[in-house]
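**Q** The structure is given below, and queries will be raised subsequently.
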Protein chains: 2
Amino acid sequence: MTAPLCAIFRKHLKSRNLKYTPERADILNAIIERDDVFEVEELLMEMRAGGYRVSKATLYRTIKLLQEAGIINQALFDARQSHYQLIYGKAPRDYLVCIKTGRHIEFSSDDLVALRDQLCRKHGWDPVGHRFLVYAISPEGRDQAD
Amino acid sequence: MTAPLCAIFRKHLKSRNLKYTPERADILNAIIERDDVFEVEELLMEMRAGGYRVSKATLYRTIKLLQEAGIINQALFDARQSHYQLIYGKAPRDYLVCIKTGRHIEFSSDDLVALRDQLCRKHGWDPVGHRFLVYAISPEGRDQAD
DNA sequence: GTCGGTGCAAATGCTTTGCATTGAT
DNA sequence: ATCAATGCAAAGCATTTGCACCGAC
C-alpha cells in the first residue's frame with residue numbers, strides 16, 4: 001500500500017514540475033503509518049518525536065499537495081470557518097466532487113435516504129439529516145494531463 | 001416552514017433557560033430567508049444591508065445555538081483547520097453523528113459503496129472515495145431534556 | 001436585584017505568506 | 001545559473017472571549 005501511494009504522489013509532483021523531496025516523503029510516510037484521522041499539529045509532534053525535522057510551513061504546504069493528488073482529504077468532521085446551511089426538515093443535498101477540477105454536481109437520491117434510515121434504525125437512532133460527498137474524477141478531469 | 005423552526009428554536013432555548021431575543025429571531029429569519037449555504041460574514045452583511053443591527057459576536061453565538069437545536073449545520077464543504085485522513089484506495093469511513101450529544105459511531109456499508117458507484121457511473125464519473133455523515137439522534141440524546 | 005444578552009475590542013489559534021537561504025539539475 | 005524547497009517569523013483571518021452596560025422577570 002505504501003509503494004503505490006508514493007508512486008502516485010511522485011507522479012502528481014512530476015506533472016506539476018515539483019520535486020519529491022525527503023521532507024515530502026517523510027510526511028507521506030508519517031501519514032501512512034498513522035493511518036487514521038489526524039490534526040496537523042498532532043502529526044507534527046509525532047514526526048518530531050520520531051526524529052523527523054520538518055517545519056510547520058512545509059507540513060502545511062505538503063498537505064495541500066497531498067490533497068491535490070487525491071491521497072488525503074479533509075475529514076470534515078469538526079471544522080472551523082465553515083459554511084452553514086438550514087437542515088431541519090430539508091431534503092439533504094448531496095454532491096459529486098471532482099478531485100481534479102473541483103467541479104461539483106448536486107444531486108439527491110431516495111435510495112440513499114432509504115439506506116440512511118435503515119442504517120439508523122439498525123442502531124436505534126433517529127435520522128435527522130445527512131451529508132454525502134462523493135469524490136470522483138469527472139470526464140474533464142480524466143482528460144487532464146497527469 | 002418558518003413557524004415550526006421558530007417554535008423549535010424557542011423550545012430549545014427554553015430547555016436551556018435561555019431567551020428568545022429579537023436578535024436571535026432576526027438571525028433565524030435571515031437564515032430562513034436565505035435558504036442556502038451561507039458564510040457568517042456574508043450573512044452579517046446581508047442582515048446589515050437589510051437594516052438589521054447585530055454584532056458579529058452575537059451572530060456567532062446564535063449560530064452555535066442553532067446548531068445545537070439541530071436547525072442548521074456546517075456545510076462542511078470547504079473547511080479550515082480540519083482533520084485530515086488518508087483516502088486513496090481506502091474503505092471510506094462513514095459516521096452516524098448524534099446532534100444532541102455529539103457521540104458518533106463509525107460504520108461502513110457495502111450497499112452505500114454500490115450506490116455511490118452507480119451514481120457515479122450514471123454521470124460518467126470515476127469514483128475515488130466518499131464521505132457520508134448521518135446526523136441523527138442517539139438513544140441517549142432522545143432521553144435528554146429538551 | 002439577579003441573570004442572561006449584547007456589542008465592542010482584544011485575544012486566540014490555525015493557517016498562510018514573505019523572505020533569505022539552501023539544494024538539485 | 002536557474003528554479004523550486006525549506007525554515008523562520010510575521011501576517012492573516014475566522015472565531016472566541018472578557019468586560020461593561022442593558023433589559024427582562
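By convention in this document, the chains of the C-alpha cells carry letters A, B, ... by their order, each chain's residues are numbered from 1, and ligands are numbered from 1 in the order they are shown.
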Counting only C-alpha atoms (C1' of nucleotides), what are the residues of chain D within 12 Å of chain B, and for each of them which pair of atoms is the nearest and at what distance in Å, to one decimal? Sort the table by chain and rising number, as JSON lines.
**A**
```
{"residue": "D:DC13", "atom": "C1'", "partner": "B:Arg80", "partner_atom": "CA", "distance": 10.8}
{"residue": "D:DA14", "atom": "C1'", "partner": "B:Arg80", "partner_atom": "CA", "distance": 9.0}
{"residue": "D:DT15", "atom": "C1'", "partner": "B:Tyr60", "partner_atom": "CA", "distance": 7.8}
{"residue": "D:DT16", "atom": "C1'", "partner": "B:Ala57", "partner_atom": "CA", "distance": 8.3}
{"residue": "D:DT17", "atom": "C1'", "partner": "B:Ala57", "partner_atom": "CA", "distance": 9.5}
{"residue": "D:DG23", "atom": "C1'", "partner": "B:Thr21", "partner_atom": "CA", "distance": 10.9}
{"residue": "D:DA24", "atom": "C1'", "partner": "B:Lys19", "partner_atom": "CA", "distance": 9.6}
{"residue": "D:DC25", "atom": "C1'", "partner": "B:Lys19", "partner_atom": "CA", "distance": 11.5}
```
**Q** May I have chain A as a compact mmCIF listing (two decimals) with N, CA and C atoms, in the first residue's frame, after a least-squares superposition on chain B that uses all C-alpha atoms paired in order?
**A**
```
# COMPACT_ATOMS: atom_id res chain seq x y z
N MET A 1 -43.13 26.47 7.18
CA MET A 1 -41.78 26.00 7.52
C MET A 1 -41.10 26.92 8.54
N THR A 2 -41.37 28.21 8.42
CA THR A 2 -40.66 29.11 9.36
C THR A 2 -41.23 28.99 10.77
N ALA A 3 -42.54 28.76 10.87
CA ALA A 3 -43.14 28.64 12.19
C ALA A 3 -42.55 27.50 13.02
N PRO A 4 -42.54 26.28 12.48
CA PRO A 4 -41.97 25.19 13.28
C PRO A 4 -40.50 25.43 13.66
N LEU A 5 -39.73 25.99 12.77
CA LEU A 5 -38.32 26.21 13.10
C LEU A 5 -38.19 27.15 14.27
N CYS A 6 -38.97 28.19 14.21
CA CYS A 6 -38.97 29.16 15.29
C CYS A 6 -39.37 28.48 16.59
N ALA A 7 -40.38 27.65 16.51
CA ALA A 7 -40.84 26.95 17.71
C ALA A 7 -39.75 26.01 18.24
N ILE A 8 -39.08 25.35 17.33
CA ILE A 8 -38.02 24.43 17.75
C ILE A 8 -36.90 25.18 18.43
N PHE A 9 -36.58 26.33 17.87
CA PHE A 9 -35.51 27.13 18.44
C PHE A 9 -35.90 27.62 19.83
N ARG A 10 -37.10 28.10 19.95
CA ARG A 10 -37.57 28.59 21.25
C ARG A 10 -37.55 27.49 22.29
N LYS A 11 -37.96 26.34 21.86
CA LYS A 11 -38.00 25.20 22.78
C LYS A 11 -36.59 24.88 23.26
N HIS A 12 -35.68 24.87 22.30
CA HIS A 12 -34.29 24.58 22.65
C HIS A 12 -33.74 25.61 23.62
N LEU A 13 -34.03 26.87 23.35
CA LEU A 13 -33.54 27.94 24.22
C LEU A 13 -34.13 27.79 25.62
N LYS A 14 -35.43 27.54 25.63
CA LYS A 14 -36.12 27.41 26.90
C LYS A 14 -35.50 26.29 27.73
N SER A 15 -35.20 25.20 27.06
CA SER A 15 -34.64 24.05 27.77
C SER A 15 -33.29 24.38 28.40
N ARG A 16 -32.64 25.40 27.87
CA ARG A 16 -31.35 25.76 28.42
C ARG A 16 -31.45 27.05 29.25
N ASN A 17 -32.68 27.46 29.50
CA ASN A 17 -32.91 28.69 30.25
C ASN A 17 -32.31 29.92 29.56
N LEU A 18 -32.47 29.94 28.24
CA LEU A 18 -31.98 31.07 27.47
C LEU A 18 -33.17 31.76 26.85
N LYS A 19 -32.93 32.95 26.37
CA LYS A 19 -34.06 33.74 25.86
C LYS A 19 -34.14 33.84 24.35
N TYR A 20 -35.35 33.92 23.88
CA TYR A 20 -35.59 34.12 22.45
C TYR A 20 -35.61 35.63 22.22
N THR A 21 -34.48 36.19 21.92
CA THR A 21 -34.37 37.65 21.78
C THR A 21 -34.63 38.09 20.34
N PRO A 22 -34.90 39.37 20.15
CA PRO A 22 -35.11 39.89 18.79
C PRO A 22 -33.92 39.59 17.88
N GLU A 23 -32.72 39.74 18.39
CA GLU A 23 -31.53 39.46 17.57
C GLU A 23 -31.55 38.01 17.10
N ARG A 24 -31.83 37.12 18.01
CA ARG A 24 -31.85 35.69 17.66
C ARG A 24 -32.95 35.40 16.65
N ALA A 25 -34.08 36.03 16.81
CA ALA A 25 -35.18 35.84 15.85
C ALA A 25 -34.76 36.35 14.48
N ASP A 26 -34.14 37.53 14.46
CA ASP A 26 -33.71 38.11 13.18
C ASP A 26 -32.72 37.20 12.47
N ILE A 27 -31.82 36.66 13.24
CA ILE A 27 -30.80 35.80 12.64
C ILE A 27 -31.44 34.55 12.06
N LEU A 28 -32.32 33.93 12.85
CA LEU A 28 -32.99 32.74 12.32
C LEU A 28 -33.76 33.07 11.06
N ASN A 29 -34.46 34.19 11.06
CA ASN A 29 -35.22 34.56 9.87
C ASN A 29 -34.34 34.81 8.67
N ALA A 30 -33.23 35.47 8.90
CA ALA A 30 -32.31 35.74 7.80
C ALA A 30 -31.82 34.43 7.19
N ILE A 31 -31.57 33.46 8.05
CA ILE A 31 -31.10 32.17 7.56
C ILE A 31 -32.20 31.45 6.79
N ILE A 32 -33.40 31.53 7.31
CA ILE A 32 -34.53 30.88 6.63
C ILE A 32 -34.77 31.52 5.27
N GLU A 33 -34.70 32.85 5.23
CA GLU A 33 -34.93 33.52 3.96
C GLU A 33 -33.87 33.18 2.94
N ARG A 34 -32.65 33.10 3.42
CA ARG A 34 -31.55 32.80 2.52
C ARG A 34 -31.73 31.41 1.91
N ASP A 35 -32.01 30.45 2.79
CA ASP A 35 -32.29 29.10 2.35
C ASP A 35 -31.22 28.55 1.41
N ASP A 36 -29.99 28.70 1.83
CA ASP A 36 -28.89 28.21 1.01
C ASP A 36 -27.66 28.18 1.90
N VAL A 37 -26.62 27.58 1.40
CA VAL A 37 -25.36 27.58 2.14
C VAL A 37 -24.91 29.03 2.30
N PHE A 38 -24.44 29.38 3.47
CA PHE A 38 -23.98 30.76 3.66
C PHE A 38 -22.71 30.80 4.50
N GLU A 39 -21.99 31.90 4.32
CA GLU A 39 -20.86 32.17 5.18
C GLU A 39 -21.30 33.22 6.18
N VAL A 40 -20.67 33.23 7.32
CA VAL A 40 -21.09 34.12 8.38
C VAL A 40 -20.98 35.59 7.97
N GLU A 41 -19.86 35.94 7.41
CA GLU A 41 -19.60 37.32 7.02
C GLU A 41 -20.66 37.80 6.04
N GLU A 42 -20.95 36.91 5.11
CA GLU A 42 -21.94 37.12 4.07
C GLU A 42 -23.32 37.40 4.67
N LEU A 43 -23.70 36.55 5.58
CA LEU A 43 -25.01 36.70 6.21
C LEU A 43 -25.07 38.03 6.96
N LEU A 44 -23.98 38.36 7.59
CA LEU A 44 -23.93 39.61 8.34
C LEU A 44 -24.16 40.80 7.41
N MET A 45 -23.48 40.80 6.28
CA MET A 45 -23.64 41.87 5.29
C MET A 45 -25.10 41.99 4.87
N GLU A 46 -25.67 40.84 4.51
CA GLU A 46 -27.05 40.83 4.06
C GLU A 46 -28.00 41.36 5.10
N MET A 47 -27.77 40.95 6.34
CA MET A 47 -28.65 41.42 7.40
C MET A 47 -28.53 42.92 7.55
N ARG A 48 -27.31 43.40 7.47
CA ARG A 48 -27.10 44.84 7.62
C ARG A 48 -27.70 45.60 6.46
N ALA A 49 -27.54 45.03 5.27
CA ALA A 49 -28.13 45.66 4.10
C ALA A 49 -29.65 45.73 4.26
N GLY A 50 -30.20 44.73 4.92
CA GLY A 50 -31.65 44.69 5.13
C GLY A 50 -32.10 45.52 6.32
N GLY A 51 -31.16 46.20 6.93
CA GLY A 51 -31.54 47.09 8.02
C GLY A 51 -31.49 46.48 9.41
N TYR A 52 -31.02 45.22 9.48
CA TYR A 52 -30.93 44.60 10.79
C TYR A 52 -29.58 44.91 11.41
N ARG A 53 -29.59 45.28 12.65
CA ARG A 53 -28.34 45.58 13.32
C ARG A 53 -28.00 44.45 14.30
N VAL A 54 -26.99 43.68 13.95
CA VAL A 54 -26.52 42.60 14.84
C VAL A 54 -25.00 42.67 14.85
N SER A 55 -24.44 42.34 15.96
CA SER A 55 -22.98 42.32 16.02
C SER A 55 -22.49 40.96 15.57
N LYS A 56 -21.27 40.97 15.12
CA LYS A 56 -20.67 39.73 14.66
C LYS A 56 -20.63 38.72 15.81
N ALA A 57 -20.33 39.20 16.98
CA ALA A 57 -20.24 38.31 18.14
C ALA A 57 -21.57 37.61 18.39
N THR A 58 -22.65 38.35 18.34
CA THR A 58 -23.96 37.75 18.57
C THR A 58 -24.29 36.76 17.45
N LEU A 59 -23.91 37.12 16.25
CA LEU A 59 -24.17 36.21 15.14
C LEU A 59 -23.47 34.88 15.36
N TYR A 60 -22.22 34.94 15.70
CA TYR A 60 -21.49 33.69 15.96
C TYR A 60 -22.10 32.92 17.13
N ARG A 61 -22.47 33.65 18.15
CA ARG A 61 -23.04 32.97 19.32
C ARG A 61 -24.37 32.31 18.97
N THR A 62 -25.14 32.98 18.14
CA THR A 62 -26.44 32.43 17.76
C THR A 62 -26.29 31.22 16.84
N ILE A 63 -25.32 31.30 15.96
CA ILE A 63 -25.08 30.18 15.06
C ILE A 63 -24.76 28.93 15.86
N LYS A 64 -24.00 29.11 16.90
CA LYS A 64 -23.69 27.96 17.75
C LYS A 64 -24.97 27.38 18.37
N LEU A 65 -25.83 28.25 18.81
CA LEU A 65 -27.09 27.79 19.41
C LEU A 65 -27.96 27.06 18.38
N LEU A 66 -27.98 27.61 17.17
CA LEU A 66 -28.81 26.99 16.13
C LEU A 66 -28.27 25.61 15.75
N GLN A 67 -27.00 25.47 15.83
CA GLN A 67 -26.41 24.16 15.56
C GLN A 67 -26.81 23.18 16.64
N GLU A 68 -26.72 23.64 17.88
CA GLU A 68 -27.08 22.77 18.99
C GLU A 68 -28.54 22.34 18.90
N ALA A 69 -29.34 23.23 18.35
CA ALA A 69 -30.76 22.92 18.24
C ALA A 69 -31.04 22.00 17.05
N GLY A 70 -30.02 21.73 16.26
CA GLY A 70 -30.20 20.85 15.10
C GLY A 70 -30.90 21.54 13.94
N ILE A 71 -30.88 22.87 13.94
CA ILE A 71 -31.57 23.62 12.89
C ILE A 71 -30.65 23.89 11.71
N ILE A 72 -29.43 24.19 11.98
CA ILE A 72 -28.47 24.35 10.88
C ILE A 72 -27.28 23.45 11.20
N ASN A 73 -26.45 23.27 10.20
CA ASN A 73 -25.18 22.63 10.48
C ASN A 73 -24.12 23.16 9.55
N GLN A 74 -22.90 22.73 9.79
CA GLN A 74 -21.82 23.18 8.95
C GLN A 74 -21.91 22.47 7.62
N ALA A 75 -21.72 23.22 6.57
CA ALA A 75 -21.80 22.61 5.25
C ALA A 75 -20.59 21.72 5.02
N LEU A 76 -19.53 21.96 5.78
CA LEU A 76 -18.35 21.10 5.73
C LEU A 76 -17.88 20.90 4.32
N PHE A 77 -17.80 21.98 3.63
CA PHE A 77 -17.58 21.84 2.22
C PHE A 77 -16.27 22.44 1.82
N ASP A 78 -15.74 23.22 2.66
CA ASP A 78 -14.58 24.00 2.30
C ASP A 78 -14.04 24.50 3.62
N ALA A 79 -13.46 23.61 4.36
CA ALA A 79 -13.18 23.92 5.74
C ALA A 79 -11.75 24.31 6.00
N ARG A 80 -11.59 25.12 6.98
CA ARG A 80 -10.30 25.47 7.50
C ARG A 80 -10.08 24.66 8.75
N GLN A 81 -8.85 24.61 9.19
CA GLN A 81 -8.57 23.92 10.43
C GLN A 81 -9.31 22.60 10.53
N SER A 82 -9.11 21.78 9.57
CA SER A 82 -9.84 20.53 9.69
C SER A 82 -8.85 19.41 9.92
N HIS A 83 -9.39 18.27 10.08
CA HIS A 83 -8.58 17.08 10.26
C HIS A 83 -8.43 16.46 8.88
N TYR A 84 -7.37 15.73 8.71
CA TYR A 84 -7.13 15.09 7.42
C TYR A 84 -7.05 13.59 7.60
N GLN A 85 -7.18 12.88 6.51
CA GLN A 85 -7.01 11.44 6.58
C GLN A 85 -6.64 10.88 5.22
N LEU A 86 -5.96 9.77 5.25
CA LEU A 86 -5.61 9.04 4.04
C LEU A 86 -6.90 8.57 3.39
N ILE A 87 -7.04 8.74 2.10
CA ILE A 87 -8.21 8.19 1.45
C ILE A 87 -7.87 7.26 0.32
N TYR A 88 -6.74 7.50 -0.29
CA TYR A 88 -6.46 6.77 -1.52
C TYR A 88 -6.55 5.27 -1.31
N GLY A 89 -7.49 4.66 -1.99
CA GLY A 89 -7.62 3.21 -1.93
C GLY A 89 -8.11 2.64 -0.61
N LYS A 90 -8.59 3.52 0.29
CA LYS A 90 -9.05 3.02 1.58
C LYS A 90 -10.56 2.85 1.59
N ALA A 91 -11.03 1.95 2.42
CA ALA A 91 -12.47 1.85 2.61
C ALA A 91 -12.92 3.11 3.32
N PRO A 92 -13.93 3.76 2.84
CA PRO A 92 -14.37 5.01 3.43
C PRO A 92 -14.97 4.76 4.81
N ARG A 93 -14.81 5.73 5.64
CA ARG A 93 -15.38 5.61 6.98
C ARG A 93 -16.62 6.48 7.05
N ASP A 94 -17.68 5.87 7.48
CA ASP A 94 -18.94 6.61 7.55
C ASP A 94 -19.37 6.71 9.00
N TYR A 95 -20.13 7.75 9.28
CA TYR A 95 -20.47 7.99 10.68
C TYR A 95 -21.93 8.31 10.91
N LEU A 96 -22.42 7.79 12.03
CA LEU A 96 -23.70 8.22 12.59
C LEU A 96 -23.32 9.19 13.70
N VAL A 97 -23.82 10.42 13.62
CA VAL A 97 -23.47 11.41 14.63
C VAL A 97 -24.72 11.85 15.38
N CYS A 98 -24.70 11.78 16.68
CA CYS A 98 -25.87 12.22 17.46
C CYS A 98 -25.82 13.72 17.66
N ILE A 99 -26.87 14.40 17.22
CA ILE A 99 -26.88 15.86 17.32
C ILE A 99 -27.17 16.32 18.74
N LYS A 100 -27.55 15.40 19.60
CA LYS A 100 -27.82 15.79 20.99
C LYS A 100 -26.59 15.59 21.85
N THR A 101 -25.98 14.44 21.73
CA THR A 101 -24.90 14.09 22.64
C THR A 101 -23.52 14.19 22.00
N GLY A 102 -23.48 14.22 20.66
CA GLY A 102 -22.18 14.28 20.01
C GLY A 102 -21.54 12.91 19.82
N ARG A 103 -22.13 11.91 20.41
CA ARG A 103 -21.57 10.56 20.25
C ARG A 103 -21.62 10.16 18.79
N HIS A 104 -20.63 9.44 18.33
CA HIS A 104 -20.72 8.95 16.96
C HIS A 104 -20.28 7.51 16.84
N ILE A 105 -20.90 6.84 15.90
CA ILE A 105 -20.61 5.44 15.61
C ILE A 105 -20.03 5.38 14.21
N GLU A 106 -18.98 4.61 14.05
CA GLU A 106 -18.39 4.46 12.73
C GLU A 106 -18.98 3.19 12.11
N PHE A 107 -19.25 3.26 10.84
CA PHE A 107 -19.73 2.06 10.18
C PHE A 107 -19.27 2.07 8.73
N SER A 108 -19.61 1.05 8.03
CA SER A 108 -19.27 1.03 6.63
C SER A 108 -20.30 0.15 5.94
N SER A 109 -20.71 0.57 4.77
CA SER A 109 -21.83 -0.10 4.11
C SER A 109 -21.53 -0.37 2.65
N ASP A 110 -21.59 -1.62 2.29
CA ASP A 110 -21.37 -1.97 0.88
C ASP A 110 -22.46 -1.41 0.00
N ASP A 111 -23.68 -1.38 0.55
CA ASP A 111 -24.79 -0.84 -0.24
C ASP A 111 -24.53 0.62 -0.58
N LEU A 112 -23.95 1.32 0.38
CA LEU A 112 -23.67 2.73 0.15
C LEU A 112 -22.63 2.90 -0.96
N VAL A 113 -21.61 2.08 -0.91
CA VAL A 113 -20.56 2.15 -1.93
C VAL A 113 -21.15 1.83 -3.30
N ALA A 114 -22.03 0.82 -3.33
CA ALA A 114 -22.66 0.45 -4.60
C ALA A 114 -23.49 1.62 -5.13
N LEU A 115 -24.21 2.23 -4.23
CA LEU A 115 -25.06 3.37 -4.63
C LEU A 115 -24.18 4.52 -5.13
N ARG A 116 -23.11 4.76 -4.43
CA ARG A 116 -22.17 5.82 -4.80
C ARG A 116 -21.62 5.58 -6.21
N ASP A 117 -21.18 4.36 -6.45
CA ASP A 117 -20.60 4.05 -7.75
C ASP A 117 -21.62 4.20 -8.87
N GLN A 118 -22.84 3.81 -8.53
CA GLN A 118 -23.91 3.92 -9.52
C GLN A 118 -24.20 5.39 -9.85
N LEU A 119 -24.21 6.22 -8.80
CA LEU A 119 -24.45 7.64 -9.01
C LEU A 119 -23.34 8.26 -9.85
N CYS A 120 -22.12 7.86 -9.58
CA CYS A 120 -20.99 8.39 -10.34
C CYS A 120 -21.13 7.99 -11.81
N ARG A 121 -21.38 6.73 -12.01
CA ARG A 121 -21.50 6.24 -13.39
C ARG A 121 -22.55 7.03 -14.15
N LYS A 122 -23.64 7.29 -13.48
CA LYS A 122 -24.73 8.02 -14.13
C LYS A 122 -24.25 9.37 -14.66
N HIS A 123 -23.28 9.97 -13.97
CA HIS A 123 -22.78 11.28 -14.39
C HIS A 123 -21.48 11.18 -15.18
N GLY A 124 -21.00 9.96 -15.34
CA GLY A 124 -19.76 9.79 -16.08
C GLY A 124 -18.51 10.13 -15.28
N TRP A 125 -18.62 10.06 -13.95
CA TRP A 125 -17.46 10.36 -13.11
C TRP A 125 -16.88 9.06 -12.55
N ASP A 126 -15.61 9.11 -12.18
CA ASP A 126 -14.97 7.93 -11.58
C ASP A 126 -14.83 8.12 -10.08
N PRO A 127 -15.50 7.26 -9.31
CA PRO A 127 -15.46 7.41 -7.85
C PRO A 127 -14.06 7.19 -7.28
N VAL A 128 -13.71 7.98 -6.30
CA VAL A 128 -12.41 7.84 -5.65
C VAL A 128 -12.62 7.55 -4.16
N GLY A 129 -13.61 8.20 -3.59
CA GLY A 129 -13.88 7.99 -2.17
C GLY A 129 -15.14 8.75 -1.82
N HIS A 130 -15.49 8.76 -0.56
CA HIS A 130 -16.66 9.54 -0.18
C HIS A 130 -16.66 9.81 1.31
N ARG A 131 -17.60 10.61 1.71
CA ARG A 131 -17.78 10.90 3.12
C ARG A 131 -19.26 10.95 3.40
N PHE A 132 -19.69 10.17 4.35
CA PHE A 132 -21.12 10.09 4.65
C PHE A 132 -21.31 10.31 6.14
N LEU A 133 -21.93 11.42 6.48
CA LEU A 133 -22.22 11.72 7.88
C LEU A 133 -23.73 11.72 8.04
N VAL A 134 -24.21 10.90 8.93
CA VAL A 134 -25.65 10.86 9.18
C VAL A 134 -25.91 11.53 10.52
N TYR A 135 -26.70 12.57 10.50
CA TYR A 135 -27.06 13.25 11.74
C TYR A 135 -28.33 12.62 12.27
N ALA A 136 -28.28 12.23 13.51
CA ALA A 136 -29.43 11.52 14.06
C ALA A 136 -29.49 11.73 15.57
N ILE A 137 -30.52 11.18 16.15
CA ILE A 137 -30.65 11.26 17.61
C ILE A 137 -30.48 9.86 18.17
N SER A 138 -29.52 9.72 19.03
CA SER A 138 -29.24 8.41 19.61
C SER A 138 -30.24 8.13 20.72
N PRO A 139 -30.36 6.89 21.15
CA PRO A 139 -31.29 6.55 22.24
C PRO A 139 -31.04 7.41 23.48
N GLU A 140 -29.79 7.63 23.84
CA GLU A 140 -29.50 8.45 25.01
C GLU A 140 -29.96 9.89 24.78
N GLY A 141 -29.73 10.35 23.55
CA GLY A 141 -30.10 11.73 23.23
C GLY A 141 -31.60 11.92 23.33
N ARG A 142 -32.32 10.90 22.93
CA ARG A 142 -33.77 10.97 22.94
C ARG A 142 -34.29 11.12 24.37
N ASP A 143 -33.58 10.49 25.27
CA ASP A 143 -34.02 10.52 26.67
C ASP A 143 -33.69 11.81 27.39
N GLN A 144 -32.79 12.57 26.80
CA GLN A 144 -32.40 13.81 27.46
C GLN A 144 -33.54 14.80 27.50
N ALA A 145 -33.51 15.61 28.53
CA ALA A 145 -34.51 16.67 28.63
C ALA A 145 -34.39 17.53 27.39
N ASP A 146 -35.53 18.00 26.89
CA ASP A 146 -35.42 19.02 25.84
C ASP A 146 -36.60 19.95 25.94
```
**Q** Could you pull out the residues in region 88-129 of chain A that DSSP calls strand (DSSP E or B) from the backbone, as a PyMOL selection string?
**A** chain A and resi 94-98+104-107+126-129
**Q** Return as a list in words the residues belonging to chain C that are within 12 Å of chain A, counting only C-alpha atoms (C1' of nucleotides).
**A**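 Only these qualify: DG13, DC14, DT15, DT16, DT17, DG23, DA24 and DT25 of chain C.
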**Q** Applying 12 Å and only C-alpha atoms (C1' of nucleotides), which residues near DC19 (chain C) remain after dropping the ones on its own chain fewer than 6 positions away? List them as a compact mmCIF listing (two decimals) with all heavy atoms, in the first residue's frame.
**A**
```
# COMPACT_ATOMS: atom_id res chain seq x y z
P DT D 6 10.23 21.02 0.76
OP1 DT D 6 10.37 19.63 1.23
OP2 DT D 6 8.90 21.63 0.56
O5' DT D 6 11.06 21.96 1.72
C5' DT D 6 12.42 21.61 2.01
C4' DT D 6 12.98 22.59 3.02
O4' DT D 6 13.12 23.88 2.37
C3' DT D 6 12.09 22.80 4.23
O3' DT D 6 12.80 22.44 5.41
C2' DT D 6 11.75 24.28 4.23
C1' DT D 6 12.77 24.89 3.29
N1 DT D 6 12.25 26.01 2.47
C2 DT D 6 12.92 27.21 2.51
O2 DT D 6 13.91 27.39 3.20
N3 DT D 6 12.38 28.19 1.73
C4 DT D 6 11.27 28.10 0.92
O4 DT D 6 10.91 29.06 0.26
C5 DT D 6 10.62 26.82 0.92
C7 DT D 6 9.39 26.62 0.07
C6 DT D 6 11.12 25.84 1.68
P DG D 7 12.06 22.29 6.81
OP1 DG D 7 12.70 21.20 7.56
OP2 DG D 7 10.60 22.27 6.57
O5' DG D 7 12.44 23.68 7.48
C5' DG D 7 13.80 24.06 7.55
C4' DG D 7 13.93 25.39 8.24
O4' DG D 7 13.55 26.44 7.32
C3' DG D 7 13.03 25.56 9.47
O3' DG D 7 13.80 26.19 10.48
C2' DG D 7 11.88 26.42 8.98
C1' DG D 7 12.51 27.24 7.87
N9 DG D 7 11.64 27.58 6.75
C8 DG D 7 10.67 26.78 6.18
N7 DG D 7 10.06 27.34 5.16
C5 DG D 7 10.67 28.58 5.05
C6 DG D 7 10.43 29.64 4.11
O6 DG D 7 9.62 29.68 3.19
N1 DG D 7 11.26 30.73 4.35
C2 DG D 7 12.21 30.80 5.35
N2 DG D 7 12.90 31.92 5.42
N3 DG D 7 12.44 29.81 6.22
C4 DG D 7 11.64 28.75 6.01
P DC D 8 13.30 26.25 11.96
OP1 DC D 8 14.46 25.90 12.80
OP2 DC D 8 12.02 25.53 12.10
O5' DC D 8 13.00 27.81 12.16
C5' DC D 8 14.01 28.76 11.80
C4' DC D 8 13.36 30.12 11.58
O4' DC D 8 12.66 30.13 10.33
C3' DC D 8 12.34 30.49 12.65
O3' DC D 8 12.87 31.57 13.42
C2' DC D 8 11.10 30.89 11.88
C1' DC D 8 11.59 31.04 10.44
N1 DC D 8 10.59 30.65 9.42
C2 DC D 8 10.35 31.51 8.35
O2 DC D 8 10.97 32.58 8.28
N3 DC D 8 9.44 31.16 7.40
C4 DC D 8 8.79 29.99 7.51
N4 DC D 8 7.91 29.67 6.56
C5 DC D 8 9.03 29.10 8.60
C6 DC D 8 9.93 29.45 9.53
P DA D 9 12.06 32.07 14.73
OP1 DA D 9 13.06 32.25 15.79
OP2 DA D 9 10.89 31.20 14.95
O5' DA D 9 11.53 33.48 14.24
C5' DA D 9 12.15 34.11 13.11
C4' DA D 9 11.17 35.12 12.56
O4' DA D 9 10.34 34.51 11.54
C3' DA D 9 10.22 35.70 13.60
O3' DA D 9 10.02 37.07 13.32
C2' DA D 9 8.94 34.89 13.39
C1' DA D 9 8.97 34.66 11.88
N9 DA D 9 8.26 33.45 11.45
C8 DA D 9 8.13 32.26 12.11
N7 DA D 9 7.42 31.37 11.46
C5 DA D 9 7.08 32.00 10.28
C6 DA D 9 6.34 31.59 9.16
N6 DA D 9 5.78 30.37 9.04
N1 DA D 9 6.18 32.48 8.16
C2 DA D 9 6.72 33.69 8.27
N3 DA D 9 7.45 34.19 9.26
C4 DA D 9 7.59 33.29 10.26
P DA D 10 9.03 37.92 14.23
OP1 DA D 10 9.82 39.05 14.71
OP2 DA D 10 8.31 37.04 15.17
O5' DA D 10 7.99 38.46 13.14
C5' DA D 10 8.50 38.88 11.87
C4' DA D 10 7.35 39.07 10.90
O4' DA D 10 6.83 37.77 10.51
C3' DA D 10 6.17 39.84 11.49
O3' DA D 10 5.70 40.75 10.51
C2' DA D 10 5.15 38.75 11.83
C1' DA D 10 5.43 37.71 10.75
N9 DA D 10 5.10 36.33 11.12
C8 DA D 10 5.41 35.67 12.28
N7 DA D 10 5.00 34.42 12.31
C5 DA D 10 4.38 34.25 11.08
C6 DA D 10 3.73 33.13 10.49
N6 DA D 10 3.60 31.95 11.09
N1 DA D 10 3.22 33.31 9.26
C2 DA D 10 3.35 34.50 8.65
N3 DA D 10 3.94 35.61 9.10
C4 DA D 10 4.44 35.41 10.33
```
